[in-house]
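Chemist: Coordinates in start_26.pdb, PDB, C-alpha atoms, are listed below.
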```pdb
ATOM      1  CA  MET A 431       0.000   0.000   0.000  1.00  0.00           C
ATOM      2  CA  ALA A 432       2.828   2.366   0.862  1.00  0.00           C
ATOM      3  CA  PHE A 433       4.535   1.785  -2.500  1.00  0.00           C
ATOM      4  CA  TYR A 434       1.269   2.472  -4.303  1.00  0.00           C
ATOM      5  CA  CYS A 435       0.630   5.684  -2.374  1.00  0.00           C
ATOM      6  CA  CYS A 436       4.126   7.029  -2.862  1.00  0.00           C
ATOM      7  CA  GLY A 437       3.980   6.222  -6.538  1.00  0.00           C
ATOM      8  CA  ARG A 438       0.709   7.992  -6.989  1.00  0.00           C
ATOM      9  CA  LEU A 439       2.030  11.129  -5.295  1.00  0.00           C
ATOM     10  CA  GLY A 440       4.976  11.344  -7.634  1.00  0.00           C
ATOM     11  CA  ASN A 441       2.934  10.418 -10.685  1.00  0.00           C
ATOM     12  CA  THR A 442       5.245   7.477 -11.389  1.00  0.00           C
ATOM     13  CA  SER A 443       5.064   3.859 -10.435  1.00  0.00           C
ATOM     14  CA  LEU A 444       7.541   3.109  -7.646  1.00  0.00           C
ATOM     15  CA  LEU A 445       7.494  -0.595  -8.375  1.00  0.00           C
ATOM     16  CA  GLY A 446       8.515   0.142 -11.914  1.00  0.00           C
ATOM     17  CA  ASN A 447      11.521   2.125 -10.679  1.00  0.00           C
ATOM     18  CA  PHE A 448      12.630  -0.856  -8.563  1.00  0.00           C
ATOM     19  CA  ALA A 449      12.529  -3.079 -11.626  1.00  0.00           C
ATOM     20  CA  LYS A 450      14.762  -0.660 -13.538  1.00  0.00           C
ATOM     21  CA  PHE A 451      17.188  -0.529 -10.594  1.00  0.00           C
ATOM     22  CA  ARG A 452      17.427  -4.336 -10.485  1.00  0.00           C
ATOM     23  CA  THR A 453      18.311  -4.593 -14.151  1.00  0.00           C
ATOM     24  CA  ALA A 454      20.889  -1.841 -13.796  1.00  0.00           C
ATOM     25  CA  LEU A 455      22.622  -3.726 -10.977  1.00  0.00           C
ATOM     26  CA  GLY A 456      22.652  -6.965 -12.938  1.00  0.00           C
ATOM     27  CA  ASN A 457      24.384  -5.378 -15.943  1.00  0.00           C
ATOM     28  CA  ALA A 458      26.882  -3.281 -13.966  1.00  0.00           C
ATOM     29  CA  THR A 459      30.574  -3.974 -14.330  1.00  0.00           C
ATOM     30  CA  TYR A 460      32.745  -2.756 -11.540  1.00  0.00           C
ATOM     31  CA  ALA A 461      36.088  -1.147 -12.152  1.00  0.00           C
ATOM     32  CA  GLN A 462      37.524  -2.947  -9.161  1.00  0.00           C
ATOM     33  CA  ALA A 463      36.655  -6.387 -10.567  1.00  0.00           C
ATOM     34  CA  ALA A 464      39.457  -6.159 -13.115  1.00  0.00           C
ATOM     35  CA  SER A 465      42.160  -5.229 -10.575  1.00  0.00           C
ATOM     36  CA  VAL A 466      41.492  -7.856  -7.887  1.00  0.00           C
ATOM     37  CA  PRO A 467      44.772  -9.654  -7.165  1.00  0.00           C
ATOM     38  CA  LYS A 468      44.909 -13.384  -7.626  1.00  0.00           C
ATOM     39  CA  ILE A 469      45.251 -15.219  -4.328  1.00  0.00           C
ATOM     40  CA  THR A 470      47.630 -18.156  -4.180  1.00  0.00           C
ATOM     41  CA  PHE A 471      47.861 -20.487  -1.233  1.00  0.00           C
ATOM     42  CA  LYS A 472      51.094 -22.034  -0.010  1.00  0.00           C
ATOM     43  CA  LYS A 473      51.275 -25.360   1.733  1.00  0.00           C
ATOM     44  CA  PHE A 474      51.308 -24.979   5.544  1.00  0.00           C
ATOM     45  CA  GLU A 475      54.720 -25.424   7.097  1.00  0.00           C
ATOM     46  CA  PRO A 476      54.826 -25.760  10.869  1.00  0.00           C
ATOM     47  CA  PRO A 477      57.227 -23.331  12.558  1.00  0.00           C
ATOM     48  CA  LYS A 478      60.680 -24.598  13.407  1.00  0.00           C
ATOM     49  CA  ASP A 479      61.169 -25.698  16.980  1.00  0.00           C
ATOM     50  CA  GLU A 480      63.761 -23.216  18.099  1.00  0.00           C
ATOM     51  CA  HIS A 481      64.696 -22.395  21.664  1.00  0.00           C
ATOM     52  CA  HIS A 482      63.838 -18.888  22.805  1.00  0.00           C
ATOM     53  CA  ASP A 483      67.460 -17.983  23.596  1.00  0.00           C
ATOM     54  CA  ILE A 484      68.758 -19.288  20.256  1.00  0.00           C
ATOM     55  CA  ARG A 485      66.129 -17.293  18.324  1.00  0.00           C
ATOM     56  CA  ASN A 486      67.060 -14.150  20.288  1.00  0.00           C
ATOM     57  CA  GLU A 487      70.734 -14.666  19.419  1.00  0.00           C
ATOM     58  CA  ARG A 488      69.908 -15.238  15.732  1.00  0.00           C
ATOM     59  CA  LEU A 489      67.849 -12.009  15.654  1.00  0.00           C
ATOM     60  CA  ASN A 490      70.536 -10.093  17.608  1.00  0.00           C
ATOM     61  CA  ARG A 491      68.153  -9.217  20.406  1.00  0.00           C
ATOM     62  CA  PRO A 492      69.721  -7.965  23.643  1.00  0.00           C
ATOM     63  CA  LEU A 493      69.413 -10.016  26.812  1.00  0.00           C
ATOM     64  CA  SER A 494      67.167  -8.390  29.356  1.00  0.00           C
ATOM     65  CA  PRO A 495      69.042  -7.648  32.584  1.00  0.00           C
ATOM     66  CA  HIS A 496      65.856  -8.167  34.710  1.00  0.00           C
ATOM     67  CA  LEU A 497      67.306  -9.407  38.047  1.00  0.00           C
ATOM     68  CA  THR A 498      70.705  -7.792  37.685  1.00  0.00           C
ATOM     69  CA  ILE A 499      69.189  -4.291  37.710  1.00  0.00           C
ATOM     70  CA  TYR A 500      66.337  -5.011  40.129  1.00  0.00           C
ATOM     71  CA  LYS A 501      66.643  -3.390  43.545  1.00  0.00           C
ATOM     72  CA  PHE A 502      65.050  -5.592  46.170  1.00  0.00           C
ATOM     73  CA  GLN A 503      62.636  -3.816  48.472  1.00  0.00           C
ATOM     74  CA  ILE A 504      61.884  -4.834  52.021  1.00  0.00           C
ATOM     75  CA  THR A 505      58.235  -5.462  51.099  1.00  0.00           C
ATOM     76  CA  SER A 506      59.052  -8.069  48.464  1.00  0.00           C
ATOM     77  CA  VAL A 507      61.741  -9.725  50.581  1.00  0.00           C
ATOM     78  CA  LEU A 508      59.412  -9.983  53.601  1.00  0.00           C
ATOM     79  CA  SER A 509      56.642 -11.406  51.431  1.00  0.00           C
ATOM     80  CA  ILE A 510      58.896 -14.081  49.942  1.00  0.00           C
ATOM     81  CA  THR A 511      60.302 -14.926  53.373  1.00  0.00           C
ATOM     82  CA  HIS A 512      56.794 -15.187  54.858  1.00  0.00           C
ATOM     83  CA  ARG A 513      55.874 -17.782  52.242  1.00  0.00           C
ATOM     84  CA  THR A 514      59.141 -19.629  52.790  1.00  0.00           C
ATOM     85  CA  ALA A 515      58.565 -19.719  56.550  1.00  0.00           C
ATOM     86  CA  GLY A 516      55.083 -21.144  55.946  1.00  0.00           C
ATOM     87  CA  ILE A 517      56.550 -23.880  53.739  1.00  0.00           C
ATOM     88  CA  ILE A 518      59.179 -24.712  56.392  1.00  0.00           C
ATOM     89  CA  LEU A 519      56.478 -24.931  59.076  1.00  0.00           C
ATOM     90  CA  THR A 520      54.480 -27.234  56.829  1.00  0.00           C
ATOM     91  CA  GLY A 521      57.581 -29.390  56.498  1.00  0.00           C
ATOM     92  CA  TYR A 522      57.944 -29.473  60.311  1.00  0.00           C
ATOM     93  CA  ALA A 523      54.341 -30.600  60.735  1.00  0.00           C
ATOM     94  CA  THR A 524      54.665 -33.225  58.005  1.00  0.00           C
ATOM     95  CA  VAL A 525      57.890 -34.703  59.384  1.00  0.00           C
ATOM     96  CA  LEU A 526      56.530 -34.686  62.940  1.00  0.00           C
ATOM     97  CA  GLY A 527      53.276 -36.350  61.881  1.00  0.00           C
ATOM     98  CA  LEU A 528      54.909 -38.968  59.678  1.00  0.00           C
ATOM     99  CA  GLY A 529      57.568 -39.593  62.323  1.00  0.00           C
ATOM    100  CA  ALA A 530      54.896 -40.243  64.933  1.00  0.00           C
ATOM    101  CA  LEU A 531      53.233 -42.747  62.591  1.00  0.00           C
ATOM    102  CA  VAL A 532      56.296 -44.531  61.246  1.00  0.00           C
ATOM    103  CA  LEU A 533      58.968 -44.495  63.973  1.00  0.00           C
ATOM    104  CA  PRO A 534      58.789 -47.298  66.544  1.00  0.00           C
ATOM    105  CA  HIS A 535      59.457 -45.283  69.719  1.00  0.00           C
ATOM    106  CA  ASP A 536      57.746 -42.311  71.319  1.00  0.00           C
ATOM    107  CA  VAL A 537      59.231 -38.807  71.449  1.00  0.00           C
ATOM    108  CA  SER A 538      60.834 -39.269  74.896  1.00  0.00           C
ATOM    109  CA  HIS A 539      63.144 -41.947  73.464  1.00  0.00           C
ATOM    110  CA  TYR A 540      64.454 -39.537  70.818  1.00  0.00           C
ATOM    111  CA  ILE A 541      64.903 -36.714  73.337  1.00  0.00           C
ATOM    112  CA  THR A 542      66.999 -39.098  75.448  1.00  0.00           C
ATOM    113  CA  MET A 543      69.068 -39.896  72.347  1.00  0.00           C
ATOM    114  CA  ILE A 544      69.743 -36.186  71.734  1.00  0.00           C
ATOM    115  CA  GLU A 545      70.697 -35.681  75.377  1.00  0.00           C
ATOM    116  CA  GLY A 546      73.098 -38.624  75.031  1.00  0.00           C
ATOM    117  CA  LEU A 547      75.026 -36.744  72.348  1.00  0.00           C
ATOM    118  CA  ASN A 548      76.382 -34.425  75.085  1.00  0.00           C
ATOM    119  CA  LEU A 549      76.026 -31.296  72.969  1.00  0.00           C
ATOM    120  CA  SER A 550      77.086 -27.971  74.440  1.00  0.00           C
ATOM    121  CA  PRO A 551      74.328 -25.613  75.631  1.00  0.00           C
ATOM    122  CA  ALA A 552      75.283 -23.128  72.913  1.00  0.00           C
ATOM    123  CA  THR A 553      74.807 -25.787  70.205  1.00  0.00           C
ATOM    124  CA  ILE A 554      71.422 -26.803  71.624  1.00  0.00           C
ATOM    125  CA  PHE A 555      70.367 -23.136  71.850  1.00  0.00           C
ATOM    126  CA  LEU A 556      71.456 -22.538  68.243  1.00  0.00           C
ATOM    127  CA  ALA A 557      69.518 -25.608  67.069  1.00  0.00           C
ATOM    128  CA  LYS A 558      66.448 -24.354  68.931  1.00  0.00           C
ATOM    129  CA  VAL A 559      66.850 -20.925  67.293  1.00  0.00           C
ATOM    130  CA  PHE A 560      66.898 -22.547  63.841  1.00  0.00           C
ATOM    131  CA  LEU A 561      63.783 -24.528  64.708  1.00  0.00           C
ATOM    132  CA  ALA A 562      61.933 -21.575  66.278  1.00  0.00           C
ATOM    133  CA  ALA A 563      62.864 -18.857  63.736  1.00  0.00           C
ATOM    134  CA  PRO A 564      60.343 -19.850  61.038  1.00  0.00           C
ATOM    135  CA  PHE A 565      57.559 -20.008  63.631  1.00  0.00           C
ATOM    136  CA  GLY A 566      58.490 -16.644  65.164  1.00  0.00           C
ATOM    137  CA  TYR A 567      58.736 -14.978  61.759  1.00  0.00           C
ATOM    138  CA  HIS A 568      55.493 -16.446  60.411  1.00  0.00           C
ATOM    139  CA  PHE A 569      53.659 -15.618  63.629  1.00  0.00           C
ATOM    140  CA  ALA A 570      54.870 -11.993  63.777  1.00  0.00           C
ATOM    141  CA  ASN A 571      54.214 -11.386  60.095  1.00  0.00           C
ATOM    142  CA  GLY A 572      50.772 -12.991  60.459  1.00  0.00           C
ATOM    143  CA  ILE A 573      49.934 -10.445  63.153  1.00  0.00           C
ATOM    144  CA  ARG A 574      51.135  -7.713  60.797  1.00  0.00           C
ATOM    145  CA  HIS A 575      48.815  -9.027  58.082  1.00  0.00           C
ATOM    146  CA  LEU A 576      45.911  -9.115  60.531  1.00  0.00           C
ATOM    147  CA  TYR A 577      46.642  -5.455  61.306  1.00  0.00           C
ATOM    148  CA  TRP A 578      46.531  -4.720  57.581  1.00  0.00           C
ATOM    149  CA  ASP A 579      43.155  -6.494  57.363  1.00  0.00           C
ATOM    150  CA  THR A 580      41.710  -3.689  59.490  1.00  0.00           C
ATOM    151  CA  ALA A 581      42.701  -1.313  56.627  1.00  0.00           C
ATOM    152  CA  LYS A 582      45.337   0.383  58.765  1.00  0.00           C
ATOM    153  CA  GLY A 583      49.060   0.774  58.193  1.00  0.00           C
ATOM    154  CA  LEU A 584      48.880   0.588  54.416  1.00  0.00           C
ATOM    155  CA  THR A 585      50.857   3.678  53.440  1.00  0.00           C
ATOM    156  CA  ILE A 586      54.393   3.089  52.226  1.00  0.00           C
ATOM    157  CA  LYS A 587      55.929   4.641  55.335  1.00  0.00           C
ATOM    158  CA  GLU A 588      53.748   2.527  57.652  1.00  0.00           C
ATOM    159  CA  VAL A 589      54.421  -0.645  55.644  1.00  0.00           C
ATOM    160  CA  TYR A 590      58.154  -0.136  56.069  1.00  0.00           C
ATOM    161  CA  SER A 591      57.891   0.736  59.769  1.00  0.00           C
ATOM    162  CA  THR A 592      55.655  -2.276  60.509  1.00  0.00           C
ATOM    163  CA  GLY A 593      58.110  -4.410  58.539  1.00  0.00           C
ATOM    164  CA  TYR A 594      61.005  -3.368  60.756  1.00  0.00           C
ATOM    165  CA  ALA A 595      58.841  -3.740  63.892  1.00  0.00           C
ATOM    166  CA  MET A 596      57.857  -7.216  62.720  1.00  0.00           C
ATOM    167  CA  LEU A 597      61.524  -8.171  62.343  1.00  0.00           C
ATOM    168  CA  ALA A 598      62.188  -7.004  65.901  1.00  0.00           C
ATOM    169  CA  GLY A 599      59.168  -8.992  67.098  1.00  0.00           C
ATOM    170  CA  THR A 600      60.474 -12.024  65.227  1.00  0.00           C
ATOM    171  CA  ALA A 601      63.802 -11.802  67.015  1.00  0.00           C
ATOM    172  CA  ALA A 602      62.068 -11.509  70.394  1.00  0.00           C
ATOM    173  CA  ILE A 603      59.721 -14.450  69.761  1.00  0.00           C
ATOM    174  CA  THR A 604      62.537 -16.614  68.406  1.00  0.00           C
ATOM    175  CA  LEU A 605      64.837 -15.918  71.342  1.00  0.00           C
ATOM    176  CA  PHE A 606      61.991 -16.527  73.797  1.00  0.00           C
ATOM    177  CA  LEU A 607      61.145 -19.884  72.251  1.00  0.00           C
ATOM    178  CA  ALA A 608      64.804 -20.940  72.024  1.00  0.00           C
ATOM    179  CA  ALA A 609      65.329 -20.072  75.695  1.00  0.00           C
ATOM    180  CA  LEU A 610      62.581 -22.507  76.816  1.00  0.00           C
TER     181      LEU A 610
END
```
The structure in this file should be written as structure tokens.

Modeler:
Amino acid sequence: MAFYCCGRLGNTSLLGNFAKFRTALGNATYAQAASVPKITFKKFEPPKDEHHDIRNERLNRPLSPHLTIYKFQITSVLSITHRTAGIILTGYATVLGLGALVLPHDVSHYITMIEGLNLSPATIFLAKVFLAAPFGYHFANGIRHLYWDTAKGLTIKEVYSTGYAMLAGTAAITLFLAAL
């Protein structure tokens, strides 16, 4: 109906104009059709398996200095050490648990064996320090993280000051536990 009305207003048949347009499109030749490049396909060749370093040498790329120019910050060092202390404590718990299951005697037998070695008090204290240090560090840094969970102490200055305070707390906890 709309085509009929529009055609009547213009005194020409709109449907007739569409028919002329269709024939014009069918006979059209495009100038671009003659200049279309011919596409040729090559057989796929998988890339050569070449080590990253060898390819960089072949292309004369410089080696990135990454760790040689990196300045360690106390925040990253304390974070890595916190994870390491957690892994060491997990090792303690695993060895203690498996030892209790596998070894034939109870813990008092092994304490008597260590006392029979006649080690000096300084050696025993040093061994206790090495055993207590991961616990003291992980405990003190855990308290620091709990403080951060309250959304306090998160500025750079406070992070550094709580880091140094945590190291002092670690020393105190470790020495306390080794003195027992």

Chemist: Tell me, in Å to one decimal, how far CA of Tyr590 in chain A is from CA of Leu605 in chain A.

Modeler: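 A separation of 23.0 Å between them.
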
Chemist: Ranking A:Lys582, A:His568, A:Lys472, A:His496 by minimum distance to Ala601 in chain A and counting only C-alpha atoms, which one comes first?

Modeler: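 Ranking A:Lys582, A:His568, A:Lys472, A:His496 by distance to Ala601 in chain A, first place goes to A:His568.
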
Chemist: Applying 7 Å and all atoms listed in the file, which residues near Thr604 in chain A remain after dropping the ones on its own chain fewer than 4 positions away? List them as JSON, numbers by chain.

Modeler: {"A": [559, 562, 563, 566, 600, 608]}

Chemist: Could those residues be written to a file, using C-alpha atoms, as a PDB file, in the coordinates of the input?

Modeler:
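The result, stored in again-v2.pdb:
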```
ATOM      1  CA  VAL A 559      66.850 -20.925  67.293  1.00  0.00           C
ATOM      2  CA  ALA A 562      61.933 -21.575  66.278  1.00  0.00           C
ATOM      3  CA  ALA A 563      62.864 -18.857  63.736  1.00  0.00           C
ATOM      4  CA  GLY A 566      58.490 -16.644  65.164  1.00  0.00           C
ATOM      5  CA  THR A 600      60.474 -12.024  65.227  1.00  0.00           C
ATOM      6  CA  ALA A 608      64.804 -20.940  72.024  1.00  0.00           C
TER       7      ALA A 608
END
```

Chemist: If you measure from CA of Phe565 in chain A to CA of His512 in chain A, what distance in Å do you get, rounded to one decimal?

Modeler: 10.0 Å

Chemist: Please compute the CA of Lys501 in chain A-CA of Arg513 in chain A distance, one decimal, in Å.

Modeler: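 Between these atoms lies a distance of 20.0 Å.
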
Chemist: So which residues get picked by the PyMOL selection byres ((chain A and resi 573) around 12) here, written as a ChimeraX atom specification?

Modeler: /A:512,566-572,574-580,592-593,595-597,599-600
